[in-house]
Each structure stands twice: as C-alpha cells, then as structure tokens.
$ cat coords31.txt   # compact mmCIF, C-alpha atoms
# COMPACT_ATOMS: atom_id res chain seq x y z
CA MET Y 1 111.07 109.76 103.00
CA SER Y 2 112.60 106.70 101.44
CA LEU Y 3 113.26 105.36 104.95
CA ALA Y 4 109.60 105.76 105.91
CA LEU Y 5 108.59 103.72 102.84
CA ASP Y 6 111.05 100.96 103.70
CA LEU Y 7 109.95 100.90 107.34
CA ALA Y 8 106.28 100.71 106.35
CA LEU Y 9 107.04 97.84 103.98
CA CYS Y 10 109.05 95.98 106.64
CA ALA Y 11 106.24 96.45 109.17
CA LEU Y 12 103.68 95.11 106.70
CA ILE Y 13 105.84 92.06 105.82
CA LEU Y 14 106.44 91.24 109.49
CA GLY Y 15 102.79 91.85 110.36
CA VAL Y 16 101.54 89.56 107.58
CA ALA Y 17 104.08 86.89 108.58
CA LEU Y 18 102.88 87.03 112.19
CA ALA Y 19 99.21 86.99 111.14
CA THR Y 20 99.88 83.89 109.02
CA VAL Y 21 101.17 81.80 111.91
CA ALA Y 22 99.11 83.39 114.70
CA GLY Y 23 95.43 82.98 115.38
CA GLY Y 24 93.03 80.22 114.38
CA GLY Y 25 91.66 79.33 110.99
CA VAL Y 26 93.50 77.49 108.25
CA PHE Y 27 91.70 79.48 105.56
CA ARG Y 28 92.79 82.80 107.04
CA ALA Y 29 96.38 81.55 107.24
CA VAL Y 30 96.22 80.53 103.55
CA ILE Y 31 94.94 83.97 102.49
CA PHE Y 32 97.58 85.71 104.61
CA PHE Y 33 100.24 83.53 103.02
CA ILE Y 34 99.07 84.58 99.53
CA THR Y 35 99.32 88.26 100.52
CA TYR Y 36 102.70 87.51 102.13
CA GLY Y 37 104.01 86.50 98.69
CA LEU Y 38 102.75 89.78 97.24
CA PHE Y 39 104.47 91.87 99.91
CA LEU Y 40 107.69 89.87 99.52
CA ALA Y 41 107.62 90.62 95.79
CA ILE Y 42 107.35 94.35 96.58
CA GLY Y 43 110.17 93.96 99.12
CA TRP Y 44 112.47 92.29 96.60
CA ALA Y 45 111.60 95.00 94.06
CA ARG Y 46 112.51 97.64 96.65
CA LEU Y 47 115.86 95.90 97.22
CA GLY Y 48 116.59 96.03 93.48
CA ALA Y 49 116.40 92.25 93.00
CA PHE Y 50 113.97 92.49 90.09
CA ASP Y 51 114.35 88.91 88.89
CA VAL Y 52 113.60 87.56 92.37
CA ALA Y 53 110.62 89.93 92.64
CA LEU Y 54 109.32 88.59 89.34
CA ALA Y 55 109.72 84.96 90.44
CA GLU Y 56 108.08 85.69 93.80
CA ALA Y 57 105.17 87.49 92.14
CA ALA Y 58 104.59 84.63 89.69
CA ILE Y 59 105.00 81.79 92.22
CA GLY Y 60 103.63 83.48 95.33
CA ALA Y 61 100.64 85.22 93.80
CA GLY Y 62 99.86 82.63 91.17
CA LEU Y 63 100.73 79.03 91.86
CA THR Y 64 101.01 78.59 95.64
CA GLY Y 65 97.66 80.32 96.16
CA VAL Y 66 95.86 77.82 93.92
CA LEU Y 67 97.76 74.92 95.49
CA LEU Y 68 97.00 75.89 99.10
CA LEU Y 69 93.34 76.74 98.42
CA ALA Y 70 92.84 73.37 96.70
CA ALA Y 71 94.56 71.61 99.61
CA HIS Y 72 92.34 73.43 102.11
CA ALA Y 73 89.19 72.49 100.18
CA ARG Y 74 90.33 68.86 100.02
CA LEU Y 75 90.93 68.78 103.78
CA ARG Y 76 87.46 70.24 104.33
CA ARG Y 77 85.86 67.62 102.08
CA MET Y 78 87.61 64.90 104.07
CA GLN Y 79 86.40 66.62 107.27
CA ALA Y 80 90.03 66.71 108.37
CA GLY Y 81 89.92 70.46 108.94
CA ASP Y 82 87.33 70.10 111.68
CA ALA Y 83 89.81 68.75 114.20
CA PRO Y 84 90.68 71.51 116.68
CA PRO Y 85 94.28 72.69 116.48
CA PRO Y 86 96.47 71.41 119.32
CA ALA Y 87 96.10 73.66 122.32
CA GLY Y 88 99.09 75.55 123.61
CA LEU Y 89 102.56 75.92 122.24
CA ASN Y 90 104.18 73.10 120.30
CA LEU Y 91 107.39 73.31 122.32
CA PRO Y 92 109.65 70.91 120.34
CA ALA Y 93 108.76 72.60 117.04
CA ALA Y 94 109.26 76.07 118.54
CA LEU Y 95 112.64 75.02 119.98
CA ALA Y 96 113.74 73.45 116.69
CA GLY Y 97 112.70 76.56 114.77
CA ALA Y 98 114.40 78.93 117.21
CA GLY Y 99 117.52 76.73 117.26
CA MET Y 100 117.71 76.78 113.47
CA ALA Y 101 117.32 80.57 113.42
CA LEU Y 102 120.06 80.96 116.05
CA ALA Y 103 122.40 78.60 114.18
CA LEU Y 104 121.87 80.50 110.93
CA GLY Y 105 122.43 83.79 112.73
CA TRP Y 106 125.61 82.45 114.30
CA ALA Y 107 126.84 81.20 110.92
CA TRP Y 108 126.14 84.60 109.38
CA PHE Y 109 128.45 86.34 111.86
CA ALA Y 110 131.01 83.55 112.37
CA LEU Y 111 131.77 82.71 108.74
CA PRO Y 112 134.32 84.89 106.94
CA VAL Y 113 132.89 87.33 104.43
CA PRO Y 114 133.44 85.69 101.02
CA ALA Y 115 135.26 87.64 98.37
CA THR Y 116 132.55 88.87 96.00
CA PRO Y 117 133.24 87.48 92.53
CA ASP Y 118 133.53 90.24 89.97
CA ILE Y 119 130.48 89.47 87.83
CA ALA Y 120 130.68 92.74 85.93
CA SER Y 121 134.09 92.01 84.42
CA ALA Y 122 133.19 88.40 83.63
CA LEU Y 123 129.82 89.29 82.11
CA PRO Y 124 131.06 89.84 78.51
CA ARG Y 125 132.38 86.24 78.45
CA SER Y 126 128.99 84.82 79.50
CA GLY Y 127 127.20 85.67 76.26
CA VAL Y 128 124.25 87.38 77.99
CA GLY Y 129 123.69 90.82 79.49
CA ASN Y 130 121.57 89.91 82.54
CA PRO Y 131 123.98 89.04 85.37
CA VAL Y 132 121.38 86.73 86.99
CA THR Y 133 120.99 84.72 83.79
CA ALA Y 134 124.77 84.67 83.37
CA VAL Y 135 125.22 83.15 86.83
CA LEU Y 136 122.32 80.72 86.53
CA LEU Y 137 123.05 79.35 83.08
CA ASN Y 138 126.77 79.84 82.65
CA PHE Y 139 128.91 80.44 85.75
CA ARG Y 140 126.83 78.23 88.08
CA ALA Y 141 125.06 76.10 85.46
CA TRP Y 142 125.70 73.00 87.56
CA ASP Y 143 123.26 74.22 90.26
CA THR Y 144 120.57 75.05 87.71
CA LEU Y 145 120.94 71.65 86.03
CA LEU Y 146 120.45 69.87 89.35
CA GLU Y 147 117.49 72.10 90.22
CA SER Y 148 115.77 71.23 86.95
CA ILE Y 149 116.22 67.54 87.81
CA VAL Y 150 114.84 68.15 91.33
CA LEU Y 151 111.70 69.60 89.72
CA LEU Y 152 111.34 66.41 87.66
CA ALA Y 153 111.81 64.27 90.77
CA ALA Y 154 109.14 66.30 92.59
CA LEU Y 155 106.67 65.61 89.77
CA LEU Y 156 107.42 61.87 89.92
CA GLY Y 157 106.91 62.04 93.69
CA VAL Y 158 103.44 63.53 93.17
CA TRP Y 159 102.54 60.98 90.49
CA ILE Y 160 103.52 58.13 92.82
CA LEU Y 161 100.54 59.15 94.99
CA ALA Y 162 98.10 58.07 92.25
CA ARG Y 163 95.96 54.99 92.91
CA ASP Y 164 96.71 52.00 90.67
CA GLY Y 165 93.28 52.14 89.05
CA ASP Y 166 93.63 55.85 88.26
CA TRP Y 167 97.05 55.62 86.63
CA ASN Y 168 95.77 55.88 83.06
CA ALA Y 169 93.15 58.51 83.86
CA PRO Y 170 93.74 62.14 82.87
CA LEU Y 171 95.93 64.02 85.36
CA GLY Y 172 94.39 66.00 88.19
CA PRO Y 173 90.77 66.15 89.32
CA ARG Y 174 87.95 66.17 86.73
CA TYR Y 175 87.51 69.89 86.26
CA HIS Y 176 84.17 71.04 84.90
CA ALA Y 177 82.63 74.46 84.34
CA LEU Y 178 79.48 76.02 82.93
CA SER Y 179 80.09 76.45 79.20
CA GLY Y 180 79.79 80.10 78.29
CA GLY Y 181 80.16 81.05 81.94
CA VAL Y 182 82.53 83.56 83.50
CA LEU Y 183 85.17 80.95 84.32
CA VAL Y 184 85.27 79.47 80.81
CA ASN Y 185 85.54 82.91 79.24
CA PHE Y 186 88.32 83.82 81.65
CA GLY Y 187 90.07 80.58 80.73
CA ARG Y 188 89.91 81.58 77.06
CA PHE Y 189 90.87 85.22 77.58
CA LEU Y 190 93.88 84.99 79.91
CA PRO Y 191 96.08 82.24 78.34
CA PRO Y 192 96.85 84.04 75.04
CA ILE Y 193 98.03 87.12 76.95
CA GLY Y 194 100.01 84.97 79.36
CA LEU Y 195 101.56 83.02 76.48
CA CYS Y 196 102.89 86.22 74.88
CA PHE Y 197 104.09 87.53 78.24
CA GLY Y 198 105.77 84.26 79.23
CA VAL Y 199 107.62 83.94 75.93
CA TYR Y 200 108.65 87.61 76.21
CA LEU Y 201 110.06 86.98 79.71
CA VAL Y 202 112.20 84.08 78.45
CA TRP Y 203 113.48 86.02 75.45
CA ALA Y 204 114.10 89.24 77.38
CA GLY Y 205 115.70 87.31 80.25
CA ALA Y 206 119.01 87.04 78.39
CA ASP Y 207 119.69 90.76 78.66
CA TYR Y 208 116.97 92.17 80.86
CA ILE Y 209 114.53 91.18 83.62
CA GLY Y 210 113.10 87.71 83.17
CA GLY Y 211 114.35 84.24 82.49
CA ALA Y 212 113.35 80.63 81.92
CA PHE Y 213 112.00 80.10 85.42
CA GLN Y 214 109.89 83.26 85.51
CA GLY Y 215 108.59 82.77 81.99
CA GLY Y 216 107.89 79.11 82.66
CA THR Y 217 105.95 80.01 85.81
CA VAL Y 218 103.75 82.48 83.93
CA LEU Y 219 103.10 79.85 81.26
CA ALA Y 220 102.28 77.28 83.94
CA ALA Y 221 99.89 79.68 85.66
CA VAL Y 222 97.88 80.51 82.53
CA GLY Y 223 97.94 76.85 81.50
CA LEU Y 224 96.46 76.08 84.89
CA VAL Y 225 93.66 78.59 84.28
CA ALA Y 226 92.89 76.90 80.95
CA LEU Y 227 92.85 73.48 82.67
CA MET Y 228 90.67 74.62 85.57
CA ALA Y 229 88.21 76.32 83.20
CA ASN Y 230 88.04 73.00 81.32
CA VAL Y 231 89.07 74.74 78.11
CA VAL Y 232 92.06 72.40 77.76
CA ARG Y 233 91.80 68.69 78.59
CA PRO Y 234 94.41 67.45 81.05
CA PRO Y 235 96.86 64.95 79.51
CA ARG Y 236 97.48 61.39 80.66
CA VAL Y 237 100.71 60.13 82.22
CA SER Y 238 101.19 57.72 79.32
CA TYR Y 239 101.07 60.54 76.76
CA ALA Y 240 104.48 60.47 75.00
CA LEU Y 241 104.51 64.20 74.18
CA LEU Y 242 103.88 65.02 77.84
CA ARG Y 243 106.78 62.85 78.99
CA ALA Y 244 109.01 64.47 76.36
CA ALA Y 245 107.98 67.97 77.51
CA VAL Y 246 108.83 67.13 81.11
CA VAL Y 247 112.34 65.81 80.38
CA ILE Y 248 113.41 68.03 77.46
CA GLY Y 249 114.79 70.79 79.71
CA PRO Y 250 117.18 68.67 81.82
CA ALA Y 251 118.01 66.55 78.74
CA VAL Y 252 119.04 69.49 76.54
CA PHE Y 253 120.94 71.03 79.46
CA LEU Y 254 122.82 67.79 80.11
CA LEU Y 255 123.52 67.31 76.41
CA ALA Y 256 124.95 70.83 76.11
CA GLY Y 257 127.18 70.17 79.11
CA LEU Y 258 128.39 66.85 77.70
CA LEU Y 259 129.05 68.41 74.27
CA ALA Y 260 131.11 71.14 75.93
CA ALA Y 261 133.08 68.43 77.73
CA GLY Y 262 133.48 66.54 74.44
CA PHE Y 263 135.02 69.58 72.76
CA GLY Y 264 137.50 69.84 75.59
CA ALA Y 265 136.08 72.92 77.29
CA GLY Y 266 134.99 70.99 80.37
CA PHE Y 267 131.56 69.85 81.53
CA LEU Y 268 129.01 72.73 81.30
CA THR Y 269 131.73 75.23 80.36
CA LEU Y 270 130.33 77.27 77.51
CA PRO Y 271 132.81 78.78 75.03
CA PRO Y 272 132.20 82.57 74.93
CA ALA Y 273 131.66 82.64 71.15
CA LEU Y 274 128.74 80.19 71.32
CA ALA Y 275 127.48 81.01 74.80
CA LYS Y 276 124.56 83.21 73.82
CA SER Y 277 122.98 80.78 71.36
CA VAL Y 278 123.58 77.77 73.62
CA ILE Y 279 122.02 79.58 76.59
CA LEU Y 280 118.97 80.53 74.51
CA VAL Y 281 118.49 76.92 73.39
CA ILE Y 282 118.84 75.64 76.97
CA GLU Y 283 116.45 78.31 78.25
CA ALA Y 284 113.83 77.50 75.62
CA ALA Y 285 113.95 73.79 76.53
CA LEU Y 286 113.98 74.54 80.26
CA THR Y 287 110.97 76.82 79.89
CA ILE Y 288 108.89 74.03 78.34
CA SER Y 289 109.84 71.61 81.12
CA ILE Y 290 109.34 74.13 83.92
CA ALA Y 291 105.96 75.28 82.60
CA VAL Y 292 104.58 71.75 82.15
CA THR Y 293 106.07 70.43 85.41
CA LEU Y 294 104.80 73.31 87.58
CA ALA Y 295 101.28 73.14 86.13
CA LEU Y 296 101.14 69.36 86.62
CA LEU Y 297 102.52 69.67 90.17
CA VAL Y 298 99.63 71.98 91.06
CA ILE Y 299 96.83 69.84 89.57
CA GLY Y 300 98.28 66.73 91.21
CA PRO Y 301 98.21 63.01 90.37
CA PRO Y 302 95.48 61.41 88.23
CA ASP Y 303 92.42 61.30 90.46
CA ASP Y 304 89.33 59.60 89.13
CA ALA Y 305 87.48 59.54 92.45
CA GLY Y 306 85.29 62.46 91.41
CA ARG Y 307 83.87 60.69 88.36
CA SER Y 308 83.24 57.26 89.85
CA SER Y 309 81.45 58.49 92.97
CA MET O 310 108.50 114.84 92.46
CA THR O 311 110.36 112.05 94.26
CA VAL O 312 108.82 113.11 97.56
CA TRP O 313 105.37 112.96 96.02
CA LEU O 314 105.99 109.49 94.64
CA HIS O 315 107.08 108.35 98.10
CA ILE O 316 103.90 109.79 99.60
CA VAL O 317 101.77 108.03 96.97
CA ALA O 318 103.58 104.73 97.66
CA LEU O 319 103.03 105.16 101.40
CA GLY O 320 99.34 105.89 100.81
CA LEU O 321 99.00 102.75 98.70
CA LEU O 322 100.73 100.69 101.39
CA ALA O 323 98.32 102.14 103.96
CA SER O 324 95.37 101.04 101.82
CA LEU O 325 96.91 97.56 101.71
CA GLY O 326 97.01 97.68 105.50
CA GLY O 327 93.25 98.26 105.39
CA ALA O 328 92.84 95.23 103.15
CA LEU O 329 94.90 93.16 105.61
CA TRP O 330 92.54 94.19 108.39
CA ARG O 331 89.69 92.75 106.31
CA VAL O 332 91.64 89.50 105.77
CA TRP O 333 92.02 89.25 109.55
CA ARG O 334 88.40 90.12 110.39
CA GLY O 335 86.58 88.30 107.60
CA PRO O 336 83.98 87.20 108.57
CA SER O 337 83.20 85.14 105.46
CA GLN O 338 85.77 83.38 103.30
CA ALA O 339 84.73 85.53 100.33
CA ASP O 340 85.55 88.68 102.35
CA ARG O 341 89.06 87.40 103.01
CA MET O 342 89.55 86.38 99.37
CA MET O 343 88.37 89.72 98.01
CA ALA O 344 90.69 91.50 100.43
CA ALA O 345 93.56 89.38 99.08
CA GLN O 346 92.54 90.47 95.57
CA LEU O 347 92.65 94.08 96.76
CA VAL O 348 96.17 93.47 98.04
CA GLY O 349 97.03 92.15 94.56
CA THR O 350 95.63 95.23 92.84
CA GLY O 351 97.24 97.59 95.35
CA GLY O 352 100.51 95.69 94.95
CA VAL O 353 100.42 96.40 91.23
CA GLY O 354 99.96 100.09 92.08
CA VAL O 355 102.87 100.08 94.53
CA LEU O 356 105.11 98.38 91.97
CA ILE O 357 104.22 100.96 89.30
CA VAL O 358 105.10 103.79 91.71
CA LEU O 359 108.34 101.99 92.65
CA ALA O 360 109.06 101.67 88.90
CA ALA O 361 108.83 105.44 88.60
CA LEU O 362 111.07 105.82 91.65
CA GLN O 363 113.73 103.20 90.89
CA ASP O 364 113.71 101.61 87.45
CA TRP O 365 111.02 101.37 84.77
CA GLY O 366 111.97 97.72 84.35
CA LEU O 367 109.86 97.04 87.42
CA LEU O 368 106.80 97.48 85.18
CA VAL O 369 107.44 93.88 84.07
CA VAL O 370 106.95 92.72 87.67
CA ALA O 371 103.77 94.82 87.96
CA LEU O 372 102.51 93.28 84.71
CA ALA O 373 103.19 89.75 85.99
CA LEU O 374 101.30 90.50 89.19
CA ALA O 375 98.38 92.04 87.28
CA LEU O 376 98.19 88.95 85.10
CA LEU O 377 98.41 86.35 87.88
CA ALA O 378 96.82 87.95 90.96
CA ALA O 379 93.39 86.80 89.74
CA LEU O 380 94.57 83.18 89.72
CA ALA O 381 93.97 82.76 93.45
CA ALA O 382 90.35 83.83 92.91
CA VAL O 383 89.95 81.06 90.32
CA GLY O 384 91.41 78.59 92.80
CA PHE O 385 89.05 79.94 95.45
CA ILE O 386 85.83 79.49 93.45
CA LYS O 387 86.98 76.00 92.43
CA ALA O 388 87.46 75.20 96.11
CA GLN O 389 83.96 76.49 96.92
CA THR O 390 82.24 73.80 94.82
CA PRO O 391 81.27 70.45 96.38
CA ASP O 392 83.85 68.35 94.51
CA GLY O 393 86.50 71.07 94.43
CA ALA O 394 86.65 70.96 90.63
CA GLY O 395 83.44 72.65 89.51
CA ASP O 396 82.11 76.10 88.87
CA PRO O 397 79.62 77.89 91.15
CA GLU O 398 77.70 79.07 88.09
CA GLU O 399 76.75 75.47 87.27
CA THR O 400 74.63 75.16 90.41
CA ALA O 401 73.56 78.79 90.79
CA PRO O 402 73.13 80.79 87.58
CA PRO O 403 74.11 84.47 87.78
CA SER O 404 70.49 85.61 87.69
CA GLY O 405 69.74 83.93 91.00
CA TRP O 406 72.99 84.95 92.59
CA GLN O 407 71.55 87.67 94.85
CA ASN O 408 69.14 85.21 96.41
CA ARG O 409 72.05 83.11 97.60
CA ARG O 410 73.06 85.72 100.14
CA ALA O 411 70.27 84.66 102.48
CA THR O 412 71.25 81.01 102.28
CA GLY O 413 74.98 81.59 101.99
CA GLN O 414 75.52 82.10 105.71
CA ALA O 415 77.01 78.64 106.08
CA ASP O 416 80.36 79.77 104.75
CA LYS O 417 80.79 82.32 107.52
CA ARG O 418 82.69 79.76 109.54
CA ALA O 419 86.14 80.42 108.15
$ encode --input "coords31.txt" --output "structure tokens"
Amino acid sequence: MSLALDLALCALILGVALATVAGGGVFRAVIFFITYGLFLAIGWARLGAFDVALAEAAIGAGLTGVLLLAAHARLRRMQAGDAPPPAGLNLPAALAGAGMALALGWAWFALPVPATPDIASALPRSGVGNPVTAVLLNFRAWDTLLESIVLLAALLGVWILARDGDWNAPLGPRYHALSGGVLVNFGRFLPPIGLCFGVYLVWAGADYIGGAFQGGTVLAAVGLVALMANVVRPPRVSYALLRAAVVIGPAVFLLAGLLAAGFGAGFLTLPPALAKSVILVIEAALTISIAVTLALLVIGPPDDAGRSS
Amino acid sequence: MTVWLHIVALGLLASLGGALWRVWRGPSQADRMMAAQLVGTGGVGVLIVLAALQDWGLLVVALALALLAALAAVGFIKAQTPDGAGDPEETAPPSGWQNRRATGQADKRA
C-alpha cells in the first residue's frame, strides 16, 4: 500500500516535470512549475526530510510563483512573449543537459561511498536538537556563512539593473490597489499570521522542524503580500535601516566566527557550552537578512517607469 | 487504519491529477491558476494525511503550504493588470464582475 502511494507520487512528479518542459505556452509552463514545487514538497515529506519539505513549500509555492508570474507579465507587456518558440529540438542544449546528467550519474557510481559522519553522537556538542540546524549552523557553518553572503550578492546584482534616474525611487514597481478591496484586506489579514508562524519556525528550528531559512522565507512571503497590496510602502535603497537589515545576518555570523577564533577555539568553532545561545543569536540575525533580501529580490530593482509614463 | 490512510492519500493524489489535467487543458489563464490553487489545497490535505501516517511534525509543512499557496494567486491578479502592479478591482468593481465574462475572452490565449 505504501509502495502504491510512493509510485503514484513519483508518477505525478515526473508527469508534472515533463508537462513543464513539453508543449507550448510560457504561462502553462509557469503554472506547472508552481505545482511542481508543491509535489516536490510532498515528495520530500514522504522521504522524511521535513526541513527540506518546509523550505520547498515556502520557496516553491510562495516566492518563485510570484517571481515567475511577474516575469511572464513583464514579457507580455514588452510583447516579447509573442515571438514563436524556436521550432524543433535545441540540439546543443539537449546534448549539454544529457551530458551533465550522464556525468553526474557516472560520478554517483564511480566515487567511493563516503563514510557517513555520526551526527547522532556529535549532536549533544552542537547545542541544538535538530540535526539539520546543527549541521547548518555549527558543523558546516562555513557553508551557511558563504550562502548568506551569496544572497547579499544576488540582491546587489538585482539592484545593479536599476536605471540611474530610478536609483532613489522606492524599490520595485509602484504597486497600487483598491482601498478596502479584497487584495488590501488580504494584505492586512495574512501578514500577522505569517509573522507569528515565521518567528515560531525560527525558534522551533533549534530543536524541531524549521530554521532561519524557512522562517525567513515565510516572513518574506507575507511581507511581499503586504507590499503588493500596498499596505506597506516599499523602502528606498538609500534607507539606512534597510541596508542594516540586509547585512546584519552575514555580519553577526562573521563576528561570531571571528570571536570564536579570538578565544582560541578556531574560526566558526562554537564552544559547546555557549553553542545554543550563539546559534540562536546568529539565526535571529540571519532571519532578518534572509526575509528582507528574499522579499526585495522578488520585487526587483527600483522601477519608476510605471509612474512617469 | 494505516491502510485507510494510504487509500485516502491515494485518493487525494488522484484528485490532484485531475487538477493537473485542468492546468494542461486550460483554456483560460484563470482556469490554469485556479487548478494550481486546487493543487495547493489538495497538497495540504495530502501532507495532513502523511502527518498521520509518518510524523505529526509534518503539520508544520502543511501549515506553511496553507499559508503561502494563495500567494501565487496574488501574483497572478497583479500580473493581469495593465501595468502589472495594480488590482483588477480598481478597473472593474465586484458588482460588475459577472459582466466581464462576455468581454473577458481575450485572455483565452494562454
């Protein structure tokens, strides 16, 4: 019975993946990609990777959907979507994709099976009870630090796309909505619930399902709803508090690592006695940066074209 | 009990398959979007059943999906407005919404 469930789920995931890349219509592909994220979240849940399922549900169902739909609408406004897709198979791309898949498959079988590190016995020294959080913020903190800086670099990359004249305008397009309408009420109703849920995810992430990234994504998503419903005004690039919010996560993380090095424990090596409190401080700072950065990545660079035209 | 839960989960997945058929067929963009919303709602159902089967902690994932699945619909109605940043209610108040069906054929090209 359990096998039938897994097979049905696999068939649905493969079917949605095929439907996304096959057939015409950018809009249909976008919608299939949104549902693909939902099915992947169920798949990860079925595999027991609850933290990944949570991240996939928050990113796949929430943020990428808004991003892709906005991109599709922008292409349509520019009449770029009217160009017919290239006929026939794009052979170089197909070959490159197939080659990459074959190389990865070869590497999977050719490489020696790594000795699984014993997380369970090391967990008490990490200061937290959730093995995923322990790996992300203690045992492999170096990776997470670099990832938080990559997120910052991505935001700068998006801001670079702003026109010179728009630089001091509020970020993103000029959202507007009928006051008292459905959208505005939704923008007032959802964020308080999302705020509680996001903060819960960060707090619970130390010992249970959740974490800074998942909580930050939920906060970004509800913040995005408030922005799109025009309940909250988008900030400007020059706003000092905004810049502080974007860098506080990597900054606190780096500072904690340097302090650990200063006390002789080694860069980013947390002493077990302090680990829990240090991880909570880093996670709180990271959550702020992740939430603000993800929301600003989705709304894009300052774009004043809508108001002037 | 476990067998029943598996059957319920399979039934929910089958209903999601029906929603996927609607995403494929359309014909209007709103049809595809509403089908995606149905997949979101059904996904919450599947996750709740999986929570009963595997671990109640999965309810957190179901809660996250329930909270955020509607976000794509907000992005969709934003994208439907001329400047991509508005609100369909601004141009067409809810009272006149039904009358738009006759004129709303233009969005069938998806």
$ residues_around --input "coords31.txt" --residues "Val225 in chain Y" --least-positions-apart "3" --cutoff "8 Å" --atoms "only C-alpha atoms" --output "list in words"
Phe186, Gly187, Leu190, Pro191, Ala221, Val222, Met228 and Ala229 of chain Y; Leu380 and Val383 of chain O
$ interface_residues --input "coords31.txt" --of "chain Y" --to "chain O" --cutoff "7 Å" --atoms "all atoms listed in the file" --output "CSV table (one decimal) with C-alpha atoms, in the coordinates of the input"
chain,number,residue,atom,x,y,z
Y,1,MET,CA,111.1,109.8,103.0
Y,2,SER,CA,112.6,106.7,101.4
Y,5,LEU,CA,108.6,103.7,102.8
Y,25,GLY,CA,91.7,79.3,111.0
Y,27,PHE,CA,91.7,79.5,105.6
Y,28,ARG,CA,92.8,82.8,107.0
Y,31,ILE,CA,94.9,84.0,102.5
Y,35,THR,CA,99.3,88.3,100.5
Y,38,LEU,CA,102.8,89.8,97.2
Y,42,ILE,CA,107.4,94.4,96.6
Y,50,PHE,CA,114.0,92.5,90.1
Y,53,ALA,CA,110.6,89.9,92.6
Y,54,LEU,CA,109.3,88.6,89.3
Y,57,ALA,CA,105.2,87.5,92.1
Y,58,ALA,CA,104.6,84.6,89.7
Y,61,ALA,CA,100.6,85.2,93.8
Y,62,GLY,CA,99.9,82.6,91.2
Y,65,GLY,CA,97.7,80.3,96.2
Y,66,VAL,CA,95.9,77.8,93.9
Y,69,LEU,CA,93.3,76.7,98.4
Y,70,ALA,CA,92.8,73.4,96.7
Y,73,ALA,CA,89.2,72.5,100.2
Y,173,PRO,CA,90.8,66.2,89.3
Y,174,ARG,CA,88.0,66.2,86.7
Y,175,TYR,CA,87.5,69.9,86.3
Y,176,HIS,CA,84.2,71.0,84.9
Y,177,ALA,CA,82.6,74.5,84.3
Y,178,LEU,CA,79.5,76.0,82.9
Y,181,GLY,CA,80.2,81.0,81.9
Y,306,GLY,CA,85.3,62.5,91.4
$ atom_distance --input "coords31.txt" --atom1 "CA of Leu321 in chain O" --atom2 "CA of Gly194 in chain Y"
26.3 Å
$ residues_around --input "coords31.txt" --residues "Trp159 in chain Y" --least-positions-apart "3" --cutoff "9 Å" --atoms "all atoms listed in the file" --output "list in words"
Ala154, Leu155, Leu156, Ala162, Trp167, Leu171, Val237, Leu297, Gly300, Pro301 and Pro302 of chain Y
$ atom_distance --input "coords31.txt" --atom1 "CA of Phe33 in chain Y" --atom2 "CA of Met100 in chain Y"
21.4 Å
$ closest_residue --input "coords31.txt" --among "Y:Ile299, Y:Arg46, Y:Leu152, Y:Leu161" --to "Leu3 in chain Y" --atoms "only C-alpha atoms"
Y:Arg46
$ atom_distance --input "coords31.txt" --atom1 "CA of Phe139 in chain Y" --atom2 "CA of Ala120 in chain Y"
12.4 Å
$ residues_around --input "coords31.txt" --residues "Gly127 in chain Y" --least-positions-apart "5" --cutoff "10 Å" --atoms "all atoms listed in the file" --output "number ranges by chain"
Y: 122, 133-134, 138, 206-207, 270-280
$ closest_residue --input "coords31.txt" --among "Y:Gly198, Y:Gly257, Y:Gly180, Y:Gly264" --to "Ile288 in chain Y" --atoms "only C-alpha atoms"
Y:Gly198
$ axis_aligned_box --input "coords31.txt" --around "range 68-77 of chain Y" --padding-each-side "6 Å" --output "lines of an AutoDock Vina configuration file"
center_x = 91.4
center_y = 72.2
center_z = 100.5
size_x = 23.1
size_y = 21.1
size_z = 19.6
$ closest_residue --input "coords31.txt" --among "Y:Leu14, Y:Leu255, Y:Ala45, Y:Ile59" --to "Val358 in chain O" --atoms "only C-alpha atoms"
Y:Ala45
$ build_atoms --input "coords31.txt" --residues "range 232-243 of chain Y" --atoms "N, CA and C atoms" --output "PDB file, in the frame of the given file"
ATOM      1  N   VAL Y 232      91.056  73.353  78.237  1.00  0.00           N
ATOM      2  CA  VAL Y 232      92.060  72.400  77.760  1.00  0.00           C
ATOM      3  C   VAL Y 232      91.890  71.118  78.566  1.00  0.00           C
ATOM      4  N   ARG Y 233      91.906  69.966  77.888  1.00  0.00           N
ATOM      5  CA  ARG Y 233      91.800  68.690  78.590  1.00  0.00           C
ATOM      6  C   ARG Y 233      93.137  68.338  79.225  1.00  0.00           C
ATOM      7  N   PRO Y 234      93.133  67.861  80.462  1.00  0.00           N
ATOM      8  CA  PRO Y 234      94.410  67.450  81.050  1.00  0.00           C
ATOM      9  C   PRO Y 234      94.950  66.199  80.365  1.00  0.00           C
ATOM     10  N   PRO Y 235      96.267  66.106  80.180  1.00  0.00           N
ATOM     11  CA  PRO Y 235      96.860  64.950  79.510  1.00  0.00           C
ATOM     12  C   PRO Y 235      96.920  63.743  80.442  1.00  0.00           C
ATOM     13  N   ARG Y 236      97.265  62.593  79.861  1.00  0.00           N
ATOM     14  CA  ARG Y 236      97.480  61.390  80.660  1.00  0.00           C
ATOM     15  C   ARG Y 236      98.964  61.169  80.868  1.00  0.00           C
ATOM     16  N   VAL Y 237      99.301  60.401  81.924  1.00  0.00           N
ATOM     17  CA  VAL Y 237     100.710  60.130  82.220  1.00  0.00           C
ATOM     18  C   VAL Y 237     101.379  59.410  81.059  1.00  0.00           C
ATOM     19  N   SER Y 238     100.607  58.556  80.372  1.00  0.00           N
ATOM     20  CA  SER Y 238     101.190  57.720  79.320  1.00  0.00           C
ATOM     21  C   SER Y 238     101.430  58.476  78.014  1.00  0.00           C
ATOM     22  N   TYR Y 239     100.983  59.737  77.969  1.00  0.00           N
ATOM     23  CA  TYR Y 239     101.070  60.540  76.760  1.00  0.00           C
ATOM     24  C   TYR Y 239     102.547  60.851  76.463  1.00  0.00           C
ATOM     25  N   ALA Y 240     103.040  60.381  75.285  1.00  0.00           N
ATOM     26  CA  ALA Y 240     104.480  60.470  75.000  1.00  0.00           C
ATOM     27  C   ALA Y 240     104.951  61.926  74.926  1.00  0.00           C
ATOM     28  N   LEU Y 241     104.119  62.788  74.334  1.00  0.00           N
ATOM     29  CA  LEU Y 241     104.510  64.200  74.180  1.00  0.00           C
ATOM     30  C   LEU Y 241     104.671  64.854  75.556  1.00  0.00           C
ATOM     31  N   LEU Y 242     103.808  64.462  76.481  1.00  0.00           N
ATOM     32  CA  LEU Y 242     103.880  65.020  77.840  1.00  0.00           C
ATOM     33  C   LEU Y 242     105.199  64.613  78.497  1.00  0.00           C
ATOM     34  N   ARG Y 243     105.526  63.314  78.376  1.00  0.00           N
ATOM     35  CA  ARG Y 243     106.780  62.850  78.990  1.00  0.00           C
ATOM     36  C   ARG Y 243     107.969  63.561  78.363  1.00  0.00           C
TER      37      ARG Y 243
END
